[in-house]
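J.: Okay, handing you the structure first.
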Amino acid sequence: MSGGGACSAPGREAAAALLTGGGERRWACSHSPGVQPADLEEVVKKGVKTLVIGRGMSEALQVPASTVDYLKKNGIDVLVLQTEKAVKEYNTLVAQGVKVGGIFHSTC
């Protein structure tokens with residue numbers, strides 16, 4: 001992702017996936033500071049209406065209030081959930097035809 005945020009670490013083994021309705025890719029992430037507004041420029045540009053963020057199995061990935069605020073200011077609904085719940089919610093929204101994106105931290 002552009003913006004050089006905390007979760008865009010080229011060359012690191014990714015423990016997350018980013019889905020934007022037009023594709024998917026692996027995404028390297030650190031638990032803290034977690035998902036930052038600059039990490040989500042790609043999501044905003046893709047025109048996603050809802051973003052589902054899976055924080056990991058033990059919810060270790062941080063999602064600061066500033067990130068949620070950034071998404072809301074850009075007209076994007078955001079759901080921050082434990083990863084298993086996030087995947088289920090993502091699939092439900094896709095089945096309903098919602099233009100949804102997802103970030104799923106696959107570990108911790």
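Chain labels run A, B, ... following the order of the structure tokens; each chain numbers its residues from 1, and ligands are numbered from 1 in the order shown.
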Write out as number ranges by chain each polymer residue whose atoms come within 8 Å of Pro64 in chain A, counting only C-alpha atoms; drop sequence neighbours fewer than 6 positions from it.

T.: A: 33-36

J.: Give me, as a ChimeraX atom specification, all polymer residues having an atom no more than 12 Å from range 76-85 of chain A, counting only C-alpha atoms and skipping those fewer than 5 positions away in the same chain.

T.: /A:16-17,35,40-41,43-65,67-71,90-93,98-108
